[in-house]
Amino acid sequence: MTKKLYYQDAYINSFTTSIKDQPKDENNQWYLILEETAFYPTGGGQPTDLGTLNNRKVINVEEIDGEIRHYIDEPLESLSSEVAGEVDWKRRYDHMQQHSGQHILSAAFEEALQFKTISFHLGKEMLTIDLDVEKLTEEQASEAERLANRVIQESRSIETKWITEAELSQYPMRKQPTVTDDIRLVIIPDFDYNGCGGTHPRSTSEVGAIKILDWEKHKGHIRLQFVCGNRVLMQLHQKNKLLKELTGQLQVPEETMSSVVQRLLEKQKEQEKTIEDMKERLFSYEADELMNEGTRQSDYVLIQKAYQNRPIQELQKLAQHITSEKEDAVVLLVVHNEGKLQLVGAKGTSPTVNLKEAVRNVFPLINGKGGGKESFVQGGGEALMSKEELLQEMVKNV
Ligand SMILES: [Zn+2]
């Protein structure tokens, strides 16, 4: 068994020790077994420590059957001399703050509201706990957060104690530990008694602060996001930066930003509606103009036009608008869009021409395809001729 320095003192971040072995695991990964270690292995919801052993990078630490494996990026050449370990302290201290903060917040929810924590996750950016309730109000969250921060500000001691299963009944445990021998209790006197194998600071004050960020329903429970310690400052920094950017862009102070954004969104909606209305009116002007340019043929009025860069939907709409107003119209429209030619043909109720038949001969000229019915056709192909020439071909065939 490796001697666990992090249980002797959670603040040890550099140490020298001797090497017991340097084997490879089933995946061909090198690891070191040491006489003693300050590297905390993955466990109990606390992520692994990282750092260095001599000049080798420690990339993962796992405990398997009481033996702690320090996975390294490259094997050591000599195992005879001592090895110097350096734990990435910034990372570890963050884990200590977050992990202990979780103890405090979970205890606060239980103390203030009798809400039990059923699971917990320590992520890279933030932490979550799942509370065994279906609903959480703003006031309840604030109440638990206030209590948790009070416990932090009171600088209460965080103690650890090894006990046996028989001694367990002397402590007001929130949850029965899963291990039965050598139980490690983490105690914040008169507040929290927890079976835990993680690393913790000496005092609640080192957790710094706890801030609840948000919560949501998750599988019938409440999943709550929060941060502790230096992550609170990080969050404040990020959110402040974002707010400053937004207030700068909107040119309003922070306090009025929400109402200003709301007004902006309302205004945008109104403007969109106005633009829609204006487009409709413009459309009917355009249709009227096209109708005036129509030329009388045997039993219909021919309306034709070639456009550059225009959505085919607008041409469809124009053609339909005209034929619904003018029963003797035959409308032929062409558009050139980025190397493609597209066409639309439509007629009112009175002309006898069959448009589907008429344009059948046109599509092969542009390597294109399309179709429709007697009264409405559309399609497209390659720009193998000019848009005007294509229009002429359509007119010829009609
Ligand atoms: Zn713990």
# chains A, B, ... in the order shown; residues from 1 in each chain; ligands from 1
>>> residues_around(residues="range 281-290 of chain A", least_positions_apart="2", cutoff="10 Å", atoms="only C-alpha atoms", output="list of chain:residue names")
A:Ile275, A:Glu276, A:Asp277, A:Met278, A:Lys279, A:Asn292, A:Glu293, A:Gly294, A:Leu302, A:Ile303, A:Gln304, A:Lys305, A:Glu314, A:Lys317, A:Leu318, A:Ala319, A:Gln320, A:His321, A:Ile322, A:Thr323, A:Glu325, A:Val331
>>> closest_atom_pairs(of="chain A", to="ligand 1", cutoff="9 Å", atoms="only C-alpha atoms and all ligand atoms", output="Markdown table")
| residue | atom | partner | partner_atom_place_in_ligand_line | distance |
| --- | --- | --- | --- | --- |
| A:Gly44 | CA | ligand 1 | 1 (Zn) | 7.7 |
| A:Gly45 | CA | ligand 1 | 1 (Zn) | 8.6 |
| A:Gln46 | CA | ligand 1 | 1 (Zn) | 8.3 |
| A:Met96 | CA | ligand 1 | 1 (Zn) | 8.2 |
| A:His99 | CA | ligand 1 | 1 (Zn) | 5.9 |
| A:Ser100 | CA | ligand 1 | 1 (Zn) | 5.7 |
| A:Gly101 | CA | ligand 1 | 1 (Zn) | 9.0 |
| A:Gln102 | CA | ligand 1 | 1 (Zn) | 8.1 |
| A:His103 | CA | ligand 1 | 1 (Zn) | 6.4 |
| A:Leu185 | CA | ligand 1 | 1 (Zn) | 8.7 |
| A:Val186 | CA | ligand 1 | 1 (Zn) | 6.5 |
| A:Asn194 | CA | ligand 1 | 1 (Zn) | 7.3 |
| A:Gly195 | CA | ligand 1 | 1 (Zn) | 7.5 |
| A:Cys196 | CA | ligand 1 | 1 (Zn) | 4.6 |
| A:Gly197 | CA | ligand 1 | 1 (Zn) | 6.1 |
| A:Gly198 | CA | ligand 1 | 1 (Zn) | 4.5 |
| A:Thr199 | CA | ligand 1 | 1 (Zn) | 6.2 |
| A:His200 | CA | ligand 1 | 1 (Zn) | 6.4 |
>>> residues_around(residues="Gly379 in chain A", least_positions_apart="4", cutoff="7 Å", atoms="only C-alpha atoms", output="PyMOL selection string")
chain A and resi 342-344+369-371
>>> write_last_selection(atoms="C-alpha atoms", output="PDB file, in the first residue's frame")
ATOM      1  CA  GLN A 342     -34.509  29.701 -63.690  1.00  0.00           C
ATOM      2  CA  LEU A 343     -37.908  30.237 -65.209  1.00  0.00           C
ATOM      3  CA  VAL A 344     -41.522  30.569 -64.204  1.00  0.00           C
ATOM      4  CA  LYS A 369     -35.408  20.260 -65.825  1.00  0.00           C
ATOM      5  CA  GLY A 370     -38.700  21.338 -64.459  1.00  0.00           C
ATOM      6  CA  GLY A 371     -42.381  20.937 -64.923  1.00  0.00           C
TER       7      GLY A 371
END
>>> select_by_dssp(residues="range 127-183 of chain A", states="helix (DSSP H, G or I)", output="PyMOL selection string")
chain A and resi 138-153+166-170
>>> residues_around(residues="Arg223 in chain A", least_positions_apart="4", cutoff="7 Å", atoms="only C-alpha atoms", output="MDAnalysis selection string")
chainID A and resid 128:131 215:218
>>> closest_atom_pairs(of="range 116-216 of chain A", to="range 226-249 of chain A", cutoff="9 Å", atoms="only C-alpha atoms", output="tab-separated table")
residue	atom	partner	partner_atom	distance
A:Glu125	CA	A:Arg231	CA	7.8
A:Met126	CA	A:Val227	CA	5.4
A:Leu127	CA	A:Phe226	CA	5.4
A:Thr128	CA	A:Phe226	CA	6.3
A:Ile129	CA	A:Phe226	CA	8.4
A:Glu206	CA	A:Gly229	CA	7.5
A:Val207	CA	A:Gly229	CA	5.0
A:Gly208	CA	A:Gly229	CA	4.6
A:Ala209	CA	A:Gly229	CA	5.3
A:Ile210	CA	A:Cys228	CA	4.5
A:Lys211	CA	A:Val227	CA	5.5
A:Ile212	CA	A:Phe226	CA	4.2
A:Leu213	CA	A:Phe226	CA	5.1
A:Asp214	CA	A:Phe226	CA	7.1
A:Trp215	CA	A:Phe226	CA	8.8
>>> residues_around(residues="range 62-74 of chain A", least_positions_apart="6", cutoff="8 Å", atoms="only C-alpha atoms", output="list in words")
Met1, Thr2, Gln29, Trp30, Tyr31, Leu32, Ile33, Leu34, Pro41, Thr42, Thr48 and Arg56 of chain A
>>> write_last_selection(atoms="N, CA and C atoms", output="PDB file, in the first residue's frame")
ATOM      1  N   MET A   1       0.849  -1.203   0.000  1.00  0.00           N
ATOM      2  CA  MET A   1       0.000   0.000   0.000  1.00  0.00           C
ATOM      3  C   MET A   1       0.881   1.248   0.000  1.00  0.00           C
ATOM      4  N   THR A   2       0.488   2.203  -0.839  1.00  0.00           N
ATOM      5  CA  THR A   2       1.235   3.462  -0.894  1.00  0.00           C
ATOM      6  C   THR A   2       0.821   4.332   0.299  1.00  0.00           C
ATOM      7  N   GLN A  29       0.455   1.387 -20.780  1.00  0.00           N
ATOM      8  CA  GLN A  29       0.770   2.718 -20.254  1.00  0.00           C
ATOM      9  C   GLN A  29       1.716   2.566 -19.062  1.00  0.00           C
ATOM     10  N   TRP A  30       2.789   3.380 -19.087  1.00  0.00           N
ATOM     11  CA  TRP A  30       3.748   3.348 -17.971  1.00  0.00           C
ATOM     12  C   TRP A  30       3.167   4.014 -16.751  1.00  0.00           C
ATOM     13  N   TYR A  31       3.423   3.413 -15.575  1.00  0.00           N
ATOM     14  CA  TYR A  31       3.067   4.115 -14.337  1.00  0.00           C
ATOM     15  C   TYR A  31       4.080   3.823 -13.246  1.00  0.00           C
ATOM     16  N   LEU A  32       4.097   4.729 -12.272  1.00  0.00           N
ATOM     17  CA  LEU A  32       5.046   4.584 -11.157  1.00  0.00           C
ATOM     18  C   LEU A  32       4.298   4.255  -9.872  1.00  0.00           C
ATOM     19  N   ILE A  33       4.866   3.316  -9.110  1.00  0.00           N
ATOM     20  CA  ILE A  33       4.376   3.045  -7.758  1.00  0.00           C
ATOM     21  C   ILE A  33       5.423   3.609  -6.800  1.00  0.00           C
ATOM     22  N   LEU A  34       4.967   4.480  -5.909  1.00  0.00           N
ATOM     23  CA  LEU A  34       5.903   5.158  -5.007  1.00  0.00           C
ATOM     24  C   LEU A  34       5.715   4.666  -3.575  1.00  0.00           C
ATOM     25  N   PRO A  41      -5.514  10.531  -6.090  1.00  0.00           N
ATOM     26  CA  PRO A  41      -6.045   9.825  -7.266  1.00  0.00           C
ATOM     27  C   PRO A  41      -7.532  10.153  -7.483  1.00  0.00           C
ATOM     28  N   THR A  42      -8.006   9.964  -8.685  1.00  0.00           N
ATOM     29  CA  THR A  42      -9.433  10.142  -8.994  1.00  0.00           C
ATOM     30  C   THR A  42     -10.260   9.372  -7.979  1.00  0.00           C
ATOM     31  N   THR A  48      -8.557  13.745 -10.464  1.00  0.00           N
ATOM     32  CA  THR A  48      -7.170  13.411 -10.159  1.00  0.00           C
ATOM     33  C   THR A  48      -6.269  14.646 -10.090  1.00  0.00           C
ATOM     34  N   ARG A  56       9.143  14.068 -15.480  1.00  0.00           N
ATOM     35  CA  ARG A  56       8.084  13.400 -16.227  1.00  0.00           C
ATOM     36  C   ARG A  56       6.734  13.991 -15.837  1.00  0.00           C
TER      37      ARG A  56
END
>>> closest_residue(among="A:Val61, A:Leu333, A:Leu390, A:Leu168", to="Phe376 in chain A", atoms="only C-alpha atoms")
A:Leu333
>>> closest_atom_pairs(of="range 43-127 of chain A", to="range 6-15 of chain A", cutoff="10 Å", atoms="only C-alpha atoms", output="tab-separated table")
residue	atom	partner	partner_atom	distance
A:Gly51	CA	A:Asn13	CA	9.4
A:Thr52	CA	A:Ser14	CA	9.6
A:Leu53	CA	A:Phe15	CA	9.6
A:Val83	CA	A:Phe15	CA	8.4
A:Ala84	CA	A:Phe15	CA	5.8
A:Gly85	CA	A:Phe15	CA	5.2
A:Glu86	CA	A:Ser14	CA	4.6
A:Val87	CA	A:Asn13	CA	5.0
A:Asp88	CA	A:Asn13	CA	7.5
A:Trp89	CA	A:Asn13	CA	6.3
A:Arg92	CA	A:Asn13	CA	8.9
A:Tyr93	CA	A:Tyr11	CA	8.5
A:Met96	CA	A:Ala10	CA	8.8
>>> write_last_selection(atoms="N, CA and C atoms", output="mmCIF file, in the first residue's frame")
data_model
loop_
_atom_site.group_PDB
_atom_site.id
_atom_site.type_symbol
_atom_site.label_atom_id
_atom_site.label_comp_id
_atom_site.auth_asym_id
_atom_site.auth_seq_id
_atom_site.Cartn_x
_atom_site.Cartn_y
_atom_site.Cartn_z
ATOM 1 N N GLY A 51 0.667 16.955 -12.285
ATOM 2 C CA GLY A 51 1.922 17.547 -11.818
ATOM 3 C C GLY A 51 3.093 16.877 -12.486
ATOM 4 N N THR A 52 4.228 16.787 -11.748
ATOM 5 C CA THR A 52 5.410 16.137 -12.316
ATOM 6 C C THR A 52 6.064 15.209 -11.292
ATOM 7 N N LEU A 53 6.728 14.185 -11.804
ATOM 8 C CA LEU A 53 7.607 13.321 -10.996
ATOM 9 C C LEU A 53 8.959 13.362 -11.697
ATOM 10 N N VAL A 83 12.808 10.165 -6.174
ATOM 11 C CA VAL A 83 12.039 10.908 -7.157
ATOM 12 C C VAL A 83 11.385 12.103 -6.449
ATOM 13 N N ALA A 84 11.374 13.246 -7.168
ATOM 14 C CA ALA A 84 10.778 14.457 -6.591
ATOM 15 C C ALA A 84 9.412 14.688 -7.222
ATOM 16 N N GLY A 85 8.398 14.780 -6.382
ATOM 17 C CA GLY A 85 7.031 15.002 -6.882
ATOM 18 C C GLY A 85 6.585 16.434 -6.662
ATOM 19 N N GLU A 86 5.950 17.003 -7.698
ATOM 20 C CA GLU A 86 5.372 18.351 -7.595
ATOM 21 C C GLU A 86 3.915 18.258 -8.033
ATOM 22 N N VAL A 87 3.026 18.566 -7.099
ATOM 23 C CA VAL A 87 1.599 18.529 -7.437
ATOM 24 C C VAL A 87 1.208 19.885 -8.014
ATOM 25 N N ASP A 88 0.452 19.870 -9.126
ATOM 26 C CA ASP A 88 -0.090 21.113 -9.682
ATOM 27 C C ASP A 88 -1.037 21.707 -8.642
ATOM 28 N N TRP A 89 -0.510 22.654 -7.856
ATOM 29 C CA TRP A 89 -1.222 23.117 -6.672
ATOM 30 C C TRP A 89 -2.450 23.964 -6.990
ATOM 31 N N ARG A 92 -5.149 21.480 -7.663
ATOM 32 C CA ARG A 92 -5.550 20.763 -6.455
ATOM 33 C C ARG A 92 -6.321 21.664 -5.489
ATOM 34 N N TYR A 93 -5.811 22.914 -5.310
ATOM 35 C CA TYR A 93 -6.451 23.804 -4.346
ATOM 36 C C TYR A 93 -7.859 24.147 -4.828
ATOM 37 N N MET A 96 -10.001 21.354 -3.894
ATOM 38 C CA MET A 96 -10.287 21.394 -2.455
ATOM 39 C C MET A 96 -11.403 22.403 -2.154
#
>>> select_by_dssp(residues="range 287-364 of chain A", states="strand (DSSP E)", output="PyMOL selection string")
chain A and resi 295-296+301-308+329-337+340-347
>>> write_last_selection(atoms="N, CA and C atoms", output="PDB file, in the first residue's frame")
ATOM      1  N   THR A 295     -48.294  42.758 -73.798  1.00  0.00           N
ATOM      2  CA  THR A 295     -48.633  42.962 -75.214  1.00  0.00           C
ATOM      3  C   THR A 295     -49.728  41.986 -75.616  1.00  0.00           C
ATOM      4  N   ARG A 296     -50.720  42.516 -76.337  1.00  0.00           N
ATOM      5  CA  ARG A 296     -51.854  41.679 -76.726  1.00  0.00           C
ATOM      6  C   ARG A 296     -51.436  40.699 -77.805  1.00  0.00           C
ATOM      7  N   VAL A 301     -52.842  38.165 -73.213  1.00  0.00           N
ATOM      8  CA  VAL A 301     -51.903  39.288 -73.094  1.00  0.00           C
ATOM      9  C   VAL A 301     -50.591  38.712 -72.570  1.00  0.00           C
ATOM     10  N   LEU A 302     -49.504  38.914 -73.290  1.00  0.00           N
ATOM     11  CA  LEU A 302     -48.210  38.344 -72.910  1.00  0.00           C
ATOM     12  C   LEU A 302     -47.455  39.321 -72.016  1.00  0.00           C
ATOM     13  N   ILE A 303     -47.058  38.788 -70.837  1.00  0.00           N
ATOM     14  CA  ILE A 303     -46.281  39.607 -69.891  1.00  0.00           C
ATOM     15  C   ILE A 303     -44.963  38.886 -69.664  1.00  0.00           C
ATOM     16  N   GLN A 304     -43.847  39.536 -69.983  1.00  0.00           N
ATOM     17  CA  GLN A 304     -42.561  38.847 -69.919  1.00  0.00           C
ATOM     18  C   GLN A 304     -41.487  39.751 -69.317  1.00  0.00           C
ATOM     19  N   LYS A 305     -40.544  39.119 -68.608  1.00  0.00           N
ATOM     20  CA  LYS A 305     -39.429  39.917 -68.065  1.00  0.00           C
ATOM     21  C   LYS A 305     -38.278  38.986 -67.653  1.00  0.00           C
ATOM     22  N   ALA A 306     -37.048  39.492 -67.822  1.00  0.00           N
ATOM     23  CA  ALA A 306     -35.861  38.745 -67.385  1.00  0.00           C
ATOM     24  C   ALA A 306     -35.180  39.523 -66.265  1.00  0.00           C
ATOM     25  N   TYR A 307     -34.830  38.824 -65.176  1.00  0.00           N
ATOM     26  CA  TYR A 307     -34.220  39.470 -64.002  1.00  0.00           C
ATOM     27  C   TYR A 307     -32.819  38.935 -63.746  1.00  0.00           C
ATOM     28  N   GLN A 308     -32.068  39.727 -62.998  1.00  0.00           N
ATOM     29  CA  GLN A 308     -30.746  39.298 -62.553  1.00  0.00           C
ATOM     30  C   GLN A 308     -30.788  39.175 -61.021  1.00  0.00           C
ATOM     31  N   ALA A 329     -54.022  36.792 -68.871  1.00  0.00           N
ATOM     32  CA  ALA A 329     -52.567  36.985 -68.891  1.00  0.00           C
ATOM     33  C   ALA A 329     -51.811  35.670 -69.073  1.00  0.00           C
ATOM     34  N   VAL A 330     -50.713  35.740 -69.825  1.00  0.00           N
ATOM     35  CA  VAL A 330     -49.715  34.670 -69.830  1.00  0.00           C
ATOM     36  C   VAL A 330     -48.411  35.321 -69.370  1.00  0.00           C
ATOM     37  N   VAL A 331     -47.874  34.854 -68.248  1.00  0.00           N
ATOM     38  CA  VAL A 331     -46.704  35.490 -67.646  1.00  0.00           C
ATOM     39  C   VAL A 331     -45.487  34.585 -67.819  1.00  0.00           C
ATOM     40  N   LEU A 332     -44.429  35.109 -68.384  1.00  0.00           N
ATOM     41  CA  LEU A 332     -43.185  34.346 -68.546  1.00  0.00           C
ATOM     42  C   LEU A 332     -42.053  35.139 -67.896  1.00  0.00           C
ATOM     43  N   LEU A 333     -41.432  34.569 -66.868  1.00  0.00           N
ATOM     44  CA  LEU A 333     -40.365  35.268 -66.149  1.00  0.00           C
ATOM     45  C   LEU A 333     -39.118  34.396 -66.088  1.00  0.00           C
ATOM     46  N   VAL A 334     -37.969  35.050 -66.220  1.00  0.00           N
ATOM     47  CA  VAL A 334     -36.692  34.340 -66.208  1.00  0.00           C
ATOM     48  C   VAL A 334     -35.768  35.062 -65.233  1.00  0.00           C
ATOM     49  N   VAL A 335     -34.911  34.308 -64.532  1.00  0.00           N
ATOM     50  CA  VAL A 335     -33.909  34.969 -63.674  1.00  0.00           C
ATOM     51  C   VAL A 335     -32.562  34.250 -63.804  1.00  0.00           C
ATOM     52  N   HIS A 336     -31.510  35.065 -63.778  1.00  0.00           N
ATOM     53  CA  HIS A 336     -30.153  34.533 -63.793  1.00  0.00           C
ATOM     54  C   HIS A 336     -29.594  34.654 -62.387  1.00  0.00           C
ATOM     55  N   ASN A 337     -29.359  33.501 -61.729  1.00  0.00           N
ATOM     56  CA  ASN A 337     -28.846  33.485 -60.351  1.00  0.00           C
ATOM     57  C   ASN A 337     -27.550  32.691 -60.294  1.00  0.00           C
ATOM     58  N   LYS A 340     -26.864  30.105 -62.866  1.00  0.00           N
ATOM     59  CA  LYS A 340     -28.041  29.265 -63.135  1.00  0.00           C
ATOM     60  C   LYS A 340     -29.140  30.116 -63.760  1.00  0.00           C
ATOM     61  N   LEU A 341     -29.905  29.488 -64.647  1.00  0.00           N
ATOM     62  CA  LEU A 341     -31.083  30.166 -65.192  1.00  0.00           C
ATOM     63  C   LEU A 341     -32.317  29.476 -64.641  1.00  0.00           C
ATOM     64  N   GLN A 342     -33.269  30.275 -64.204  1.00  0.00           N
ATOM     65  CA  GLN A 342     -34.509  29.701 -63.690  1.00  0.00           C
ATOM     66  C   GLN A 342     -35.681  30.382 -64.374  1.00  0.00           C
ATOM     67  N   LEU A 343     -36.763  29.647 -64.515  1.00  0.00           N
ATOM     68  CA  LEU A 343     -37.908  30.237 -65.209  1.00  0.00           C
ATOM     69  C   LEU A 343     -39.214  29.881 -64.519  1.00  0.00           C
ATOM     70  N   VAL A 344     -40.171  30.768 -64.722  1.00  0.00           N
ATOM     71  CA  VAL A 344     -41.522  30.569 -64.204  1.00  0.00           C
ATOM     72  C   VAL A 344     -42.492  30.949 -65.309  1.00  0.00           C
ATOM     73  N   GLY A 345     -43.520  30.145 -65.507  1.00  0.00           N
ATOM     74  CA  GLY A 345     -44.578  30.484 -66.445  1.00  0.00           C
ATOM     75  C   GLY A 345     -45.929  30.289 -65.785  1.00  0.00           C
ATOM     76  N   ALA A 346     -46.856  31.231 -66.019  1.00  0.00           N
ATOM     77  CA  ALA A 346     -48.193  31.099 -65.419  1.00  0.00           C
ATOM     78  C   ALA A 346     -49.207  31.740 -66.340  1.00  0.00           C
ATOM     79  N   LYS A 347     -50.456  31.247 -66.246  1.00  0.00           N
ATOM     80  CA  LYS A 347     -51.490  31.883 -67.077  1.00  0.00           C
ATOM     81  C   LYS A 347     -52.790  32.008 -66.298  1.00  0.00           C
TER      82      LYS A 347
END
>>> atom_distance(atom1="CA of Gln225 in chain A", atom2="CA of Ile104 in chain A")
14.3 Å
>>> atom_distance(atom1="CA of Leu315 in chain A", atom2="CA of Val362 in chain A")
18.1 Å
